[in-house]
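Taking it in order: structure first as structure tokens, then the write-up.
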Amino acid sequence: MPKMKLAIKSIPAVLLLLSQSAFAETHVVTAVGMKYEPMVVQIEPGDTVRWENMPTHNVETVDGLVPEGTEKINSPMSENYQHTFDKEGIYIYKCTPHIGAGMGGAIIVGQPTNLDDIKAADVTGGVARIVRKAISEAESM
Ligand SMILES: [Cu+2]
């Protein structure tokens, strides 16, 4: 019975999905003044990050400083926001109006697969500070 074989073969995949969702976590980042705390967050694929206390802030990923092929995040101003990260790698983000004051952060999802790209990126100002922090955390994993 080929149908039965197929069903048995797909059991491990189902268990994997179940276990991933059972352990998926939500990590909270809080805007405090002109800072995101914590600035760097390490999570597992499938986990969610929730940004809170966002009266005048948003979350915008920085082009070229995210894993290849991921969709840009650009959250609405002044709203709490959450995003589930499925693809491994380092995501650098900024608060669009406050990056001049250094406001932004990094999410490291699973293994920092794009660490070399991030290290090679030509960055300045507030973004450079976030990138340095993300690299040092990724290298100490
Ligand atoms: Cu801000």
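In the structure tokens, chains take letters A, B, ... by order of appearance, with residues numbered from 1 within each chain and ligands from 1 in the order shown.
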Residues within 6 Å of stretch 109-124 of chain A, please, as a PyMOL selection string. Count only C-alpha atoms; anything in the same chain fewer than 3 positions from it doesn't count.
chain A and resi 43-45+65+67+88-90+128
Would you name the residues within 10 Å of ligand 1, counting only C-alpha atoms and all ligand atoms, and put them as an NGL selection string?
:A and (31-36 or 54-59 or 77-78 or 94-104)
Limited to C-alpha atoms, could you put the picked residues into a file as a PDB file, in the first residue's frame?
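Result saved to part.pdb:
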ATOM      1  CA  ALA A  31      12.320  51.282  23.215  1.00  0.00           C
ATOM      2  CA  VAL A  32      13.849  53.247  26.079  1.00  0.00           C
ATOM      3  CA  GLY A  33      14.561  56.850  25.144  1.00  0.00           C
ATOM      4  CA  MET A  34      16.582  56.648  21.924  1.00  0.00           C
ATOM      5  CA  LYS A  35      17.685  53.051  22.425  1.00  0.00           C
ATOM      6  CA  TYR A  36      16.388  49.589  21.863  1.00  0.00           C
ATOM      7  CA  MET A  54       7.058  52.739  20.416  1.00  0.00           C
ATOM      8  CA  PRO A  55       5.559  56.248  20.779  1.00  0.00           C
ATOM      9  CA  THR A  56       7.776  57.805  18.089  1.00  0.00           C
ATOM     10  CA  HIS A  57       9.685  54.829  16.744  1.00  0.00           C
ATOM     11  CA  ASN A  58       9.632  52.117  14.111  1.00  0.00           C
ATOM     12  CA  VAL A  59      11.682  49.185  12.843  1.00  0.00           C
ATOM     13  CA  MET A  77       5.608  54.654  12.947  1.00  0.00           C
ATOM     14  CA  SER A  78       4.469  54.808  16.566  1.00  0.00           C
ATOM     15  CA  LYS A  94      17.200  50.976  12.545  1.00  0.00           C
ATOM     16  CA  CYS A  95      14.577  53.334  13.831  1.00  0.00           C
ATOM     17  CA  THR A  96      14.094  55.432  10.705  1.00  0.00           C
ATOM     18  CA  PRO A  97      13.837  58.891  12.380  1.00  0.00           C
ATOM     19  CA  HIS A  98      16.437  58.213  15.100  1.00  0.00           C
ATOM     20  CA  ILE A  99      19.283  56.317  13.464  1.00  0.00           C
ATOM     21  CA  GLY A 100      21.264  59.575  13.642  1.00  0.00           C
ATOM     22  CA  ALA A 101      21.066  59.193  17.425  1.00  0.00           C
ATOM     23  CA  GLY A 102      22.193  55.571  17.054  1.00  0.00           C
ATOM     24  CA  MET A 103      18.768  54.017  17.545  1.00  0.00           C
ATOM     25  CA  GLY A 104      18.591  50.524  16.119  1.00  0.00           C
TER      26      GLY A 104
END
My list of candidates is A:Thr61, A:Thr48, A:Ser140, A:Asn74. Which is closest to A:Val28 when distances are computed with only C-alpha atoms?
A:Thr48
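Among the candidates A:Ala138, A:Val131, A:Ala106, A:Val66, the residue lying nearest to A:Glu37 is A:Ala106 (atoms considered: only C-alpha atoms).
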From a DSSP calculation on the backbone, collect every residue of stretch 19-103 of chain A in helix (DSSP H, G or I) and output the set as JSON, numbers by chain.
{"A": [19, 20, 21, 22, 23, 96, 97, 98, 99, 100, 101]}
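Counting only C-alpha atoms, the residue from A:Pro38, A:Glu68, A:Asp86, A:Ile135 that sits nearest to A:Trp51 is A:Pro38.
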